[in-house]
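Source file: work_9.cif (mmCIF, C-alpha atoms)
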data_upload
#
loop_
_atom_site.label_atom_id
_atom_site.label_comp_id
_atom_site.auth_asym_id
_atom_site.auth_seq_id
_atom_site.Cartn_x
_atom_site.Cartn_y
_atom_site.Cartn_z
CA MET B 122 -16.53 54.28 19.99
CA LEU B 123 -12.81 54.93 20.36
CA ARG B 124 -11.91 58.30 21.88
CA TYR B 125 -8.48 59.76 22.53
CA ALA B 126 -6.87 62.97 23.68
CA TYR B 127 -5.05 64.13 20.55
CA LEU B 128 -1.49 65.41 20.64
CA PRO B 129 -0.26 65.97 17.08
CA GLY B 130 3.02 67.59 18.13
CA CYS B 131 4.67 70.84 17.14
CA SER B 132 5.35 70.10 13.47
CA ALA B 133 1.66 69.47 12.78
CA GLU B 134 1.25 73.24 12.73
CA SER B 135 3.76 73.81 9.95
CA SER B 136 6.13 71.42 8.17
CA SER B 137 3.86 68.42 8.64
CA LEU B 138 0.41 69.95 8.42
CA GLU B 139 -0.77 67.28 5.98
CA TYR B 140 -0.03 64.56 8.55
CA ASP B 141 -2.42 66.28 10.95
CA MET B 142 -5.02 66.87 8.19
CA SER B 143 -4.96 63.25 7.04
CA THR B 144 -5.09 61.92 10.62
CA ARG B 145 -8.19 63.98 11.38
CA ALA B 146 -9.81 62.91 8.09
CA VAL B 147 -9.07 59.20 8.60
CA CYS B 148 -10.25 59.20 12.22
CA LYS B 149 -13.45 61.03 11.27
CA LYS B 150 -14.16 58.48 8.56
CA LEU B 151 -13.51 55.55 10.90
CA GLY B 152 -15.46 57.06 13.76
CA ILE B 153 -12.47 57.52 16.05
CA GLU B 154 -12.94 60.67 18.10
CA LEU B 155 -9.92 62.91 18.64
CA VAL B 156 -10.23 65.45 21.44
CA ASP B 157 -7.83 68.39 21.09
CA ILE B 158 -5.82 69.35 24.17
CA PRO B 159 -3.68 72.46 24.77
CA PHE B 160 -0.51 70.37 24.59
CA ASN B 161 3.06 71.65 24.90
CA CYS B 162 6.31 70.60 23.21
CA CYS B 163 7.57 67.20 24.45
CA GLY B 164 11.00 68.80 24.75
CA THR B 165 12.82 65.92 23.04
CA HIS B 166 16.23 64.84 24.34
CA ILE B 167 17.29 68.47 23.99
CA VAL B 168 15.22 69.74 26.93
CA GLU B 169 15.89 66.46 28.77
CA GLU B 170 19.62 67.18 28.60
CA PHE B 171 19.14 70.86 29.44
CA ASN B 172 16.99 70.27 32.53
CA GLU B 173 15.62 66.80 33.22
CA LYS B 174 13.04 67.97 35.71
CA ALA B 175 11.58 70.52 33.30
CA TRP B 176 11.44 67.85 30.58
CA LEU B 177 9.63 65.48 32.95
CA ALA B 178 7.20 68.21 33.95
CA LEU B 179 6.48 69.13 30.32
CA ASN B 180 5.57 65.53 29.52
CA ALA B 181 3.69 65.06 32.78
CA ARG B 182 1.64 68.14 31.92
CA ASN B 183 0.66 66.63 28.56
CA LEU B 184 -0.22 63.33 30.20
CA ALA B 185 -2.22 65.15 32.88
CA LEU B 186 -4.27 66.94 30.21
CA ALA B 187 -5.38 63.58 28.80
CA GLU B 188 -5.93 62.18 32.27
CA GLU B 189 -8.26 65.06 33.18
CA LEU B 190 -10.46 63.96 30.28
CA GLY B 191 -10.24 60.32 31.34
CA LEU B 192 -8.72 59.46 27.96
CA ASP B 193 -5.57 57.83 26.64
CA VAL B 194 -3.37 60.09 24.55
CA VAL B 195 -2.58 59.48 20.88
CA THR B 196 0.19 61.20 18.99
CA ILE B 197 1.29 61.07 15.36
CA CYS B 198 4.92 61.93 16.13
CA SER B 199 7.44 59.23 17.06
CA SER B 200 9.44 61.71 19.12
CA CYS B 201 6.42 62.78 21.19
CA PHE B 202 5.51 59.08 21.52
CA PHE B 203 8.95 58.12 22.82
CA ASN B 204 9.29 61.13 25.13
CA MET B 205 5.89 60.61 26.73
CA LYS B 206 6.57 56.89 27.11
CA LYS B 207 9.97 57.48 28.66
CA ALA B 208 8.69 60.16 31.03
CA LYS B 209 5.74 57.97 32.01
CA ALA B 210 8.10 55.11 32.89
CA MET B 211 10.26 57.44 35.01
CA LEU B 212 7.18 58.87 36.71
CA GLU B 213 6.22 55.42 37.92
CA ARG B 214 8.70 55.95 40.75
CA GLU B 215 6.72 57.61 43.51
CA GLU B 216 9.49 60.02 44.53
CA VAL B 217 9.90 61.25 40.95
CA LYS B 218 6.15 61.63 40.56
CA SER B 219 5.75 63.63 43.76
CA GLU B 220 8.67 65.90 42.85
CA VAL B 221 7.18 66.56 39.41
CA ASN B 222 3.72 67.05 40.88
CA GLU B 223 5.17 69.80 43.07
CA VAL B 224 6.10 71.58 39.83
CA LEU B 225 2.71 70.88 38.24
CA GLU B 226 0.93 72.18 41.33
CA ARG B 227 2.28 75.64 40.47
CA ILE B 228 0.25 75.56 37.25
CA GLY B 229 -2.78 73.89 38.79
CA LYS B 230 -2.20 70.44 37.33
CA LYS B 231 -1.67 66.98 38.75
CA TYR B 232 -0.45 63.74 37.19
CA GLU B 233 -1.76 60.49 38.68
CA GLY B 234 -0.43 57.88 36.24
CA ASN B 235 -3.68 56.62 34.73
CA VAL B 236 -3.09 57.22 31.06
CA GLU B 237 -1.69 55.16 28.20
CA VAL B 238 0.44 56.63 25.43
CA LYS B 239 -0.47 55.56 21.89
CA HIS B 240 0.88 56.14 18.42
CA ILE B 241 -1.59 56.53 15.55
CA LEU B 242 -0.18 53.41 13.85
CA GLY B 243 -0.94 51.38 16.98
CA VAL B 244 -4.41 52.91 17.25
CA LEU B 245 -5.21 51.90 13.67
CA VAL B 246 -3.66 48.42 13.73
CA ASP B 247 -4.23 47.31 17.33
CA ASP B 248 -7.09 49.36 18.81
CA TYR B 249 -9.33 49.85 15.80
CA GLY B 250 -8.01 46.68 14.22
CA ILE B 251 -7.18 45.56 10.71
CA ASP B 252 -10.59 43.88 10.28
CA GLY B 253 -12.37 47.13 11.00
CA ILE B 254 -10.19 48.96 8.52
CA ILE B 255 -10.77 46.31 5.83
CA ARG B 256 -14.53 46.82 6.25
CA ASN B 257 -14.06 50.51 5.47
CA VAL B 258 -11.78 50.17 2.45
CA GLU B 259 -13.45 51.75 -0.57
CA ARG B 260 -10.66 51.37 -3.09
CA LEU B 261 -7.58 49.18 -3.15
CA VAL B 262 -4.30 51.05 -3.27
CA GLU B 263 -2.47 48.72 -5.63
CA VAL B 264 1.01 50.23 -5.52
CA LYS B 265 4.42 49.10 -4.33
CA ALA B 266 4.76 50.70 -0.90
CA SER B 267 7.96 50.74 1.13
CA PRO B 268 7.42 51.09 4.90
CA TYR B 269 9.95 53.21 6.77
CA TYR B 270 9.75 53.16 10.58
CA GLY B 271 12.78 55.14 11.67
CA CYS B 272 13.90 54.99 15.28
CA LEU B 273 11.79 56.09 18.17
CA ILE B 274 8.62 54.15 17.39
CA VAL B 275 10.53 50.86 17.77
CA ARG B 276 13.54 51.65 19.99
CA PRO B 277 14.49 51.29 22.76
CA GLU B 278 12.26 48.28 23.18
CA GLU B 279 11.99 48.40 26.97
CA ILE B 280 10.47 51.89 26.74
CA VAL B 281 8.26 51.90 23.63
CA ARG B 282 7.23 48.19 23.47
CA PHE B 283 5.57 48.71 20.12
CA ASP B 284 6.77 46.14 17.61
CA ASN B 285 9.79 43.98 16.83
CA THR B 286 12.77 46.35 17.03
CA GLU B 287 14.79 44.66 14.27
CA ASP B 288 12.01 43.82 11.85
CA PRO B 289 8.76 45.58 12.73
CA LYS B 290 5.71 44.45 10.76
CA LYS B 291 2.72 46.55 11.86
CA MET B 292 2.89 48.81 8.81
CA GLU B 293 3.33 45.88 6.42
CA LYS B 294 0.26 44.22 7.89
CA LEU B 295 -1.75 47.41 7.46
CA LEU B 296 -0.54 48.23 3.95
CA GLU B 297 -1.04 44.70 2.59
CA ASN B 298 -4.67 44.92 3.62
CA LEU B 299 -5.09 48.18 1.74
CA GLY B 300 -4.00 46.47 -1.47
CA CYS B 301 -0.32 47.43 -1.43
CA GLU B 302 2.57 45.25 -2.46
CA ILE B 303 5.40 45.65 0.07
CA ALA B 304 8.80 46.84 -1.15
CA ASP B 305 11.13 45.95 1.70
CA ASN B 306 13.75 48.50 2.70
CA PRO B 307 16.78 47.03 4.53
CA PHE B 308 17.18 50.43 6.20
CA LYS B 309 13.58 50.68 7.40
CA THR B 310 14.63 51.10 11.04
CA ASP B 311 17.74 53.19 10.40
CA CYS B 312 17.78 56.83 11.48
CA CYS B 313 17.01 59.63 8.98
CA GLY B 314 19.39 61.92 10.84
CA ALA B 315 16.79 64.64 11.44
CA PRO B 316 18.09 65.31 14.98
CA ILE B 317 21.51 66.27 13.57
CA MET B 318 20.20 68.08 10.49
CA LEU B 319 21.16 71.51 11.81
CA ILE B 320 24.51 70.39 13.21
CA ASP B 321 25.80 68.42 10.22
CA LYS B 322 23.62 68.83 7.14
CA GLU B 323 25.93 66.77 4.92
CA SER B 324 25.84 63.69 7.17
CA HIS B 325 22.07 64.03 7.47
CA LEU B 326 21.66 64.09 3.69
CA ARG B 327 23.93 61.08 3.29
CA MET B 328 21.76 59.19 5.80
CA VAL B 329 18.67 60.20 3.82
CA LYS B 330 20.28 59.05 0.57
CA ARG B 331 21.00 55.62 2.01
CA ILE B 332 17.38 55.15 3.07
CA LEU B 333 16.07 56.37 -0.29
CA GLU B 334 18.36 53.97 -2.13
CA GLY B 335 16.98 51.16 0.03
CA ALA B 336 13.49 51.99 -1.24
CA GLU B 337 14.49 52.03 -4.90
CA GLY B 338 11.83 50.59 -7.16
CA ALA B 339 8.97 51.43 -4.80
CA ASP B 340 6.05 53.62 -5.92
CA CYS B 341 6.03 55.33 -2.55
CA ILE B 342 7.61 55.34 0.90
CA VAL B 343 5.32 55.35 3.94
CA THR B 344 6.38 57.05 7.19
CA VAL B 345 5.02 57.28 10.75
CA CYS B 346 6.89 60.35 12.02
CA PRO B 347 6.79 63.99 10.84
CA LEU B 348 10.58 64.33 11.17
CA CYS B 349 11.26 61.20 9.10
CA HIS B 350 8.77 62.49 6.56
CA TYR B 351 10.46 65.87 6.31
CA ALA B 352 13.88 64.22 6.00
CA LEU B 353 12.86 61.93 3.14
CA ASP B 354 10.29 64.12 1.38
CA VAL B 355 12.28 67.36 1.39
CA GLY B 356 15.64 65.56 1.48
CA GLN B 357 15.22 63.92 -1.91
CA ALA B 358 14.32 67.26 -3.46
CA VAL B 359 17.50 68.75 -1.99
CA LEU B 360 19.55 65.76 -3.21
CA GLY B 361 17.95 65.94 -6.67
CA MET B 362 17.26 62.21 -6.53
CA PRO B 363 14.63 60.34 -8.60
CA GLU B 364 11.27 61.13 -7.10
CA ILE B 365 9.63 58.58 -4.81
CA PRO B 366 6.56 60.11 -3.16
CA VAL B 367 6.71 59.94 0.64
CA LEU B 368 3.31 59.47 2.25
CA HIS B 369 2.35 59.74 5.90
CA VAL B 370 0.73 56.48 6.94
CA THR B 371 -2.60 58.28 7.39
CA GLN B 372 -2.44 59.63 3.83
CA ILE B 373 -2.25 56.16 2.29
CA VAL B 374 -4.92 54.80 4.67
CA GLY B 375 -7.09 57.77 3.71
CA LEU B 376 -6.71 56.97 0.02
CA ALA B 377 -7.91 53.42 0.67
CA LEU B 378 -10.86 54.76 2.65
CA GLY B 379 -11.88 56.81 -0.38
CA ILE B 380 -11.15 60.19 1.21
CA GLU B 381 -10.55 63.02 -1.24
CA GLU B 382 -6.85 63.82 -1.93
CA LYS B 383 -7.16 67.46 -0.90
CA GLU B 384 -8.58 66.51 2.46
CA LEU B 385 -5.52 64.29 2.97
CA GLY B 386 -3.22 67.17 2.06
CA LEU B 387 -1.63 65.19 -0.77
CA ASP B 388 -0.99 68.47 -2.58
CA LYS B 389 1.15 69.66 0.34
CA ASN B 390 3.88 67.01 -0.01
CA ILE B 391 7.09 68.39 -1.49
CA THR B 392 7.92 65.37 -3.66
CA PRO B 393 5.01 65.34 -6.13
CA THR B 394 2.33 62.72 -5.53
CA GLU B 395 0.42 63.11 -8.86
CA LYS B 396 1.90 60.07 -10.61
CA LEU B 397 1.14 57.88 -7.63
CA LEU B 398 -2.42 59.19 -7.48
CA GLU B 399 -2.91 58.36 -11.18
CA LYS B 400 -2.21 54.73 -10.31
CA VAL B 401 -4.67 54.74 -7.42
CA ILE B 402 -7.60 56.84 -8.58
CA MET R 180 23.97 55.74 33.11
CA ASN R 181 27.35 56.62 34.45
CA VAL R 182 30.16 57.72 32.17
CA SER R 183 32.46 55.35 34.09
CA ASP R 184 30.60 52.46 32.39
CA ILE R 185 32.85 53.05 29.41
CA GLN R 186 35.59 51.11 31.18
CA ARG R 187 33.66 47.92 30.37
CA CYS R 188 34.04 48.47 26.61
CA TYR R 189 36.36 45.93 24.97
CA GLN R 190 36.35 47.63 21.57
CA CYS R 191 34.36 45.09 19.56
CA GLY R 192 32.80 47.83 17.41
CA THR R 193 29.26 46.40 17.32
CA CYS R 194 27.92 49.87 18.13
CA THR R 195 29.80 51.39 15.25
CA GLY R 196 28.64 48.78 12.75
CA ASP R 197 25.05 49.53 13.76
CA CYS R 198 25.41 53.33 13.90
CA PRO R 199 23.83 55.04 10.86
CA VAL R 200 25.86 58.20 11.45
CA ALA R 201 29.15 56.28 11.50
CA TRP R 202 28.24 54.82 8.11
CA VAL R 203 28.23 58.26 6.53
CA ASN R 204 30.71 60.24 8.62
CA GLU R 205 34.16 58.93 9.52
CA GLU R 206 34.54 61.55 12.24
CA PHE R 207 31.75 59.96 14.22
CA ASN R 208 33.00 56.57 15.30
CA PRO R 209 31.45 55.55 18.66
CA ARG R 210 34.05 52.81 19.24
CA ARG R 211 36.93 55.25 18.80
CA ILE R 212 35.23 57.94 20.86
CA VAL R 213 34.76 55.45 23.72
CA LEU R 214 38.41 54.43 23.40
CA SER R 215 39.44 58.05 23.63
CA LEU R 216 37.25 58.45 26.73
CA GLN R 217 38.98 55.43 28.30
CA VAL R 218 42.46 56.66 27.48
CA ASN R 219 42.25 60.44 27.56
CA GLY R 220 39.06 61.12 29.53
CA GLN R 221 36.29 63.43 28.46
CA ASP R 222 36.66 66.57 26.42
CA LEU R 223 33.41 68.45 26.91
CA GLY R 224 34.18 70.80 24.04
CA ASN R 225 34.28 67.89 21.60
CA GLU R 226 31.63 68.61 18.96
CA ALA R 227 31.53 64.93 17.92
CA TYR R 228 29.39 64.25 21.01
CA TRP R 229 26.67 66.25 19.26
CA LEU R 230 26.68 64.09 16.12
CA CYS R 231 24.90 61.23 17.87
CA ALA R 232 21.34 61.27 16.49
CA MET R 233 19.91 59.51 19.59
CA CYS R 234 18.49 56.69 17.45
CA PHE R 235 19.29 53.86 19.93
CA LYS R 236 20.75 51.62 17.23
CA CYS R 237 23.85 50.98 19.38
CA LEU R 238 22.07 49.00 22.08
CA ARG R 239 23.29 45.58 20.93
CA CYS R 240 26.42 46.11 23.01
CA PRO R 241 27.65 42.83 24.55
CA ARG R 242 29.09 44.83 27.46
CA ASP R 243 25.94 46.92 27.97
CA VAL R 244 27.81 50.19 27.52
CA LYS R 245 25.05 52.08 25.60
CA PRO R 246 27.06 54.75 23.78
CA VAL R 247 23.84 56.69 23.07
CA GLU R 248 23.39 57.30 26.79
CA ILE R 249 27.04 58.14 27.29
CA PHE R 250 26.85 60.86 24.62
CA SER R 251 23.72 62.17 26.28
CA GLU R 252 25.47 62.36 29.67
CA LEU R 253 28.46 64.11 28.14
CA ARG R 254 26.20 66.66 26.47
CA LYS R 255 24.43 67.27 29.80
CA MET R 256 27.83 68.01 31.33
CA ALA R 257 28.74 70.31 28.45
CA ILE R 258 25.47 72.22 28.89
CA SER R 259 25.70 72.57 32.66
CA GLY R 260 29.43 73.31 32.42
CA GLY R 261 28.79 76.33 30.22
CA VAL R 262 30.65 75.00 27.18
CA GLU R 263 30.11 77.16 24.11
CA ASN R 264 29.94 75.23 20.88
CA VAL R 265 27.54 74.40 18.08
CA GLY R 266 25.70 71.89 20.27
CA THR R 267 25.07 74.08 23.27
CA LYS R 268 24.09 76.91 20.93
CA LEU R 269 21.43 74.67 19.41
CA VAL R 270 20.13 73.71 22.86
CA LYS R 271 19.86 77.36 23.87
CA ALA R 272 17.92 78.25 20.71
CA PHE R 273 15.56 75.28 21.14
CA VAL R 274 14.89 75.92 24.82
CA ASP R 275 14.39 79.66 24.30
CA VAL R 276 11.73 79.05 21.65
CA VAL R 277 9.88 76.42 23.70
CA LYS R 278 9.98 78.70 26.75
CA GLU R 279 8.54 81.60 24.80
CA TYR R 280 5.94 79.86 22.64
CA GLY R 281 5.16 76.68 24.59
CA ARG R 282 5.82 74.69 21.42
CA LEU R 283 8.67 74.44 18.98
CA VAL R 284 8.04 76.98 16.25
CA GLU R 285 10.35 75.65 13.56
CA THR R 286 11.13 78.94 11.80
CA LYS R 287 11.81 80.80 15.06
CA PHE R 288 14.15 77.99 16.14
CA MET R 289 16.08 78.05 12.84
CA LEU R 290 16.41 81.83 12.91
CA LYS R 291 17.55 81.83 16.51
CA PHE R 292 20.11 79.11 15.87
CA MET R 293 21.46 80.11 12.46
CA GLY R 294 20.34 83.70 11.98
CA ILE R 295 20.22 84.85 8.38
CA GLU R 296 22.24 81.75 7.38
CA SER R 297 19.05 79.70 7.81
CA ILE R 298 18.02 80.97 4.37
CA LYS R 299 20.71 78.70 2.96
CA MET R 300 19.28 75.55 4.57
CA LEU R 301 17.14 74.84 1.53
CA PRO R 302 17.57 75.68 -2.16
CA PRO R 303 15.27 78.67 -2.99
CA SER R 304 12.88 76.65 -5.19
CA ILE R 305 12.23 74.15 -2.39
CA ALA R 306 11.96 76.84 0.27
CA PHE R 307 9.39 78.60 -1.93
CA LYS R 308 7.38 75.41 -2.35
CA MET R 309 7.43 74.87 1.42
CA TRP R 310 6.12 78.38 1.95
CA ARG R 311 3.49 78.08 -0.79
CA ASN R 312 2.25 74.81 0.71
CA GLY R 313 1.79 76.46 4.10
CA LYS R 314 4.70 74.67 5.77
CA VAL R 315 6.61 77.71 6.95
CA SER R 316 5.13 79.51 9.93
CA ILE R 317 6.38 83.08 9.74
CA SER R 318 4.03 84.86 12.12
CA ALA R 319 3.89 82.38 14.99
CA LYS R 320 1.56 82.98 17.87
CA LYS R 321 2.20 81.83 21.40
CA SER R 322 0.36 78.62 22.22
CA GLU R 323 -2.38 78.52 24.79
CA CYS R 324 0.03 76.63 27.05
CA ALA R 325 2.90 79.16 26.75
CA GLU R 326 2.41 80.73 30.19
CA GLU R 327 2.30 77.35 31.95
CA VAL R 328 5.41 76.20 30.08
CA ARG R 329 7.26 79.37 31.04
CA LYS R 330 6.30 78.75 34.67
CA ILE R 331 7.52 75.11 34.51
CA PHE R 332 10.94 76.27 33.32
CA GLU R 333 11.05 79.05 35.88
CA VAL R 334 10.33 76.66 38.75
CA CYS R 335 12.72 73.93 37.53
CA GLU R 336 15.61 76.21 36.67
CA ASN R 337 15.49 77.88 40.07
CA ALA R 338 15.19 74.60 41.95
#

How does this structure look as structure tokens?
Amino acid sequence: MLRYAYLPGCSAESSSLEYDMSTRAVCKKLGIELVDIPFNCCGTHIVEEFNEKAWLALNARNLALAEELGLDVVTICSSCFFNMKKAKAMLEREEVKSEVNEVLERIGKKYEGNVEVKHILGVLVDDYGIDGIIRNVERLVEVKASPYYGCLIVRPEEIVRFDNTEDPKKMEKLLENLGCEIADNPFKTDCCGAPIMLIDKESHLRMVKRILEGAEGADCIVTVCPLCHYALDVGQAVLGMPEIPVLHVTQIVGLALGIEEKELGLDKNITPTEKLLEKVI
Amino acid sequence: MNVSDIQRCYQCGTCTGDCPVAWVNEEFNPRRIVLSLQVNGQDLGNEAYWLCAMCFKCLRCPRDVKPVEIFSELRKMAISGGVENVGTKLVKAFVDVVKEYGRLVETKFMLKFMGIESIKMLPPSIAFKMWRNGKVSISAKKSECAEEVRKIFEVCENA
């Protein structure tokens, strides 16, 4: 049985609660065990730029929590994924590791370096495997789905090593096997602008608009990051654009596994999902 | 990454063609910003440095200049140099919330950064729907990890 230390990230407690709900529901159904850990914020590039050592220590603390359990860590947030991966790579240098461990010692923790960082999409596609998922599909989700990857799950390649950076295909592979037709978006690896949302709202919304236009004609967009999801789901409501439901990858997998919509939090999405559900259920 | 790497740039503009911010905002043009750094040097008060979304789209540089990392270095200098602008204000709000709660509590961060203006971030009908759907945490509690996070910052900031 697959077991992971589970780090949903900060937004799982508020703006992206349905991503967390649907992840737990899908993993339960598939028999993947998620062990909660008292994780902290990954800090993002903001803390990294403020104080690199503190940012390293924050990520080393999260990694150490998983390590104590002897488990790899899985996150549902692309930013947490990238930050943990980047910190882990930097901590491979012994002098960096020992400096950071001096900080961790003050809180009774130690990081050895024996933990892998996973993203839920990788856990589903690579660890659990498409064949296993196919065996659990209870209803085909026969809709036109448009995968949107965003940035930090695929770039920079030398840090995340997840999929092809220019034309990733993991989501396509997954969705096709759930019954979806793929609606390609030429902007599927462009940035949603969430990191500059509070600095320049207009630019952020124009970035969102471009991505939404790229998904025109799709029945839904599928995301792998809570920030991308917020940007596209809430962004289209703000822009008053035609409604394309934006689903977290675990929500659409959950639908295929026959999990009840409420358990997947499909009533929490801001862009209404009812019309899409009528096509599926 | 060293800011002096910018001298290698020969102004081909590949970064700017790939940059999703440059596509929607003329003021953010990585090629021109690098040119200005070459000619005029850095201006740590420049708020354009804060428009980079850190998406790493600009890495196809034939001269391996990596504008994304240059902007990050310049922001680090602005922060440590005590520059006061919209960017450093955002950093302060973010760091303060993480230090206090151990995690990023979105509403606390918005209020700290924008004050009462944060009400205007979303049209009222959407803000209401967010609240109704349980997506706005008004009474945030400190996370279990808050004390350890506070200690990490204390140790690292006094190092």

Tell me, in Å to one decimal, how far atom CA of Met122 of chain B is from atom CA of Gly253 of chain B.
12.2 Å

Can you list every residue of chain R that has an atom at most 6 Å from chain B, with its nearest atom pair and the distance in Å to one decimal, using all atoms listed in the file, ordered by chain then number, as a Markdown table?
| residue | atom | partner | partner_atom | distance |
| --- | --- | --- | --- | --- |
| R:Val203 | CA | B:Ser324 | CA | 6.0 |
| R:Ala232 | CA | B:Pro316 | CA | 5.4 |
| R:Cys234 | CA | B:Cys272 | CA | 5.4 |
| R:Lys255 | CA | B:Glu170 | CA | 5.0 |
| R:Gly281 | CA | B:Asn161 | CA | 5.5 |
| R:Arg282 | CA | B:Cys162 | CA | 4.5 |
| R:Leu283 | CA | B:Cys131 | CA | 5.7 |
| R:Asn312 | CA | B:Lys389 | CA | 5.3 |
| R:Lys314 | CA | B:Ser136 | CA | 4.3 |
| R:Val315 | CA | B:Ser135 | CA | 5.7 |
| R:Ser316 | CA | B:Ser135 | CA | 5.9 |
| R:Glu327 | CA | B:Ile228 | CA | 6.0 |
| R:Phe332 | CA | B:Ala175 | CA | 5.8 |
| R:Cys335 | CA | B:Ala175 | CA | 5.6 |

Could you write out that same residue set with C-alpha atoms as an mmCIF file, in the coordinates of the input?
data_model
loop_
_atom_site.group_PDB
_atom_site.id
_atom_site.type_symbol
_atom_site.label_atom_id
_atom_site.label_comp_id
_atom_site.auth_asym_id
_atom_site.auth_seq_id
_atom_site.Cartn_x
_atom_site.Cartn_y
_atom_site.Cartn_z
ATOM 1 C CA VAL R 203 28.230 58.260 6.530
ATOM 2 C CA ALA R 232 21.340 61.270 16.490
ATOM 3 C CA CYS R 234 18.490 56.690 17.450
ATOM 4 C CA LYS R 255 24.430 67.270 29.800
ATOM 5 C CA GLY R 281 5.160 76.680 24.590
ATOM 6 C CA ARG R 282 5.820 74.690 21.420
ATOM 7 C CA LEU R 283 8.670 74.440 18.980
ATOM 8 C CA ASN R 312 2.250 74.810 0.710
ATOM 9 C CA LYS R 314 4.700 74.670 5.770
ATOM 10 C CA VAL R 315 6.610 77.710 6.950
ATOM 11 C CA SER R 316 5.130 79.510 9.930
ATOM 12 C CA GLU R 327 2.300 77.350 31.950
ATOM 13 C CA PHE R 332 10.940 76.270 33.320
ATOM 14 C CA CYS R 335 12.720 73.930 37.530
#

Neighbours of Cys231 of chain R within 10 Å (all atoms listed in the file; same-chain residues fewer than 6 positions away dropped), as a ChimeraX atom specification?
/B:314,316-317 /R:198-201,207-209,246-248,250-251

For those residues, write C-alpha atoms to a file as a PDB file, in the frame of the given file.
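Writing done, so here's out-v8.pdb:
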ATOM      1  CA  GLY B 314      19.390  61.920  10.840  1.00  0.00           C
ATOM      2  CA  PRO B 316      18.090  65.310  14.980  1.00  0.00           C
ATOM      3  CA  ILE B 317      21.510  66.270  13.570  1.00  0.00           C
TER       4      ILE B 317
ATOM      5  CA  CYS R 198      25.410  53.330  13.900  1.00  0.00           C
ATOM      6  CA  PRO R 199      23.830  55.040  10.860  1.00  0.00           C
ATOM      7  CA  VAL R 200      25.860  58.200  11.450  1.00  0.00           C
ATOM      8  CA  ALA R 201      29.150  56.280  11.500  1.00  0.00           C
ATOM      9  CA  PHE R 207      31.750  59.960  14.220  1.00  0.00           C
ATOM     10  CA  ASN R 208      33.000  56.570  15.300  1.00  0.00           C
ATOM     11  CA  PRO R 209      31.450  55.550  18.660  1.00  0.00           C
ATOM     12  CA  PRO R 246      27.060  54.750  23.780  1.00  0.00           C
ATOM     13  CA  VAL R 247      23.840  56.690  23.070  1.00  0.00           C
ATOM     14  CA  GLU R 248      23.390  57.300  26.790  1.00  0.00           C
ATOM     15  CA  PHE R 250      26.850  60.860  24.620  1.00  0.00           C
ATOM     16  CA  SER R 251      23.720  62.170  26.280  1.00  0.00           C
TER      17      SER R 251
END

Interatomic distance, atom CA of Phe273 of chain R to atom CA of Glu252 of chain R (Å, one decimal):
18.4 Å

Kindly extract all protein, DNA and RNA residues lying within 10 Å of the coordinates (-5.4, 42.9, -0.9) given in the file, considering only C-alpha atoms, and supply them as a compact mmCIF listing (two decimals) with C-alpha atoms, in the frame of the given file.
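Final file, point.txt:
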# COMPACT_ATOMS: atom_id res chain seq x y z
CA ILE B 255 -10.77 46.31 5.83
CA LEU B 261 -7.58 49.18 -3.15
CA VAL B 262 -4.30 51.05 -3.27
CA GLU B 263 -2.47 48.72 -5.63
CA LEU B 296 -0.54 48.23 3.95
CA GLU B 297 -1.04 44.70 2.59
CA ASN B 298 -4.67 44.92 3.62
CA LEU B 299 -5.09 48.18 1.74
CA GLY B 300 -4.00 46.47 -1.47
CA CYS B 301 -0.32 47.43 -1.43
CA GLU B 302 2.57 45.25 -2.46

Excluding same-chain residues fewer than 5 positions from Lys150 of chain B, what lies within 12 Å of it counting all atoms listed in the file, as a count of residues only?
21

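With distances taken over all atoms listed in the file, B:Glu189 is the one residue among B:Asp247, B:Asp252, B:Glu189, B:Glu216 lying closest to Lys231 of chain B.
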
Would you list the contacts of Phe288 of chain R as a ChimeraX atom specification, taking every protein, DNA or RNA residue within 9 Å and counting all atoms listed in the file, but skipping same-chain residues closer than 6 positions in sequence?
/R:269,272-277

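For the residues B:Ile342, B:Ala336, B:Ala185, B:Cys148, ranking by smallest atom-to-atom distance to Leu123 of chain B using only C-alpha atoms places B:Cys148 first.
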
Determine, counting all atoms listed in the file, which protein, DNA and RNA residues have an atom within 12 Å of an atom of segment 279-281 of chain B; residues of the same chain fewer than 2 positions away are not included. Present the result as a VMD selection string.
(chain B and resid 199 to 211 237 to 240 243 272 to 277 283 to 286) or (chain R and resid 235 238)

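Rounded to one decimal, atom CA of Tyr249 of chain B and atom CA of Pro347 of chain B lie 22.0 Å from each other.
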
Under the PyMOL selection byres ((chain B and resi 192) around 8), which residues of this model are included? Write them out as a ChimeraX atom specification.
/B:124-126,187-191,193-194,236

Residues picked by the PyMOL selection byres ((chain R and resi 189-193) around 12) here, as a ChimeraX atom specification?
/R:184-188,194-198,201,208-215,217,236-246

Can you give me, as a CSV table (one decimal) with C-alpha atoms, in the coordinates of the input, the residues this file yields under the PyMOL selection byres ((chain B and resi 402) around 9)?
chain,number,residue,atom,x,y,z
B,260,ARG,CA,-10.7,51.4,-3.1
B,262,VAL,CA,-4.3,51.0,-3.3
B,376,LEU,CA,-6.7,57.0,0.0
B,397,LEU,CA,1.1,57.9,-7.6
B,398,LEU,CA,-2.4,59.2,-7.5
B,399,GLU,CA,-2.9,58.4,-11.2
B,400,LYS,CA,-2.2,54.7,-10.3
B,401,VAL,CA,-4.7,54.7,-7.4

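With distances restricted to only C-alpha atoms, B:Cys346 is the closest residue to Thr196 of chain B from B:Cys346, B:Ile251, B:Ile332, B:Ala181.
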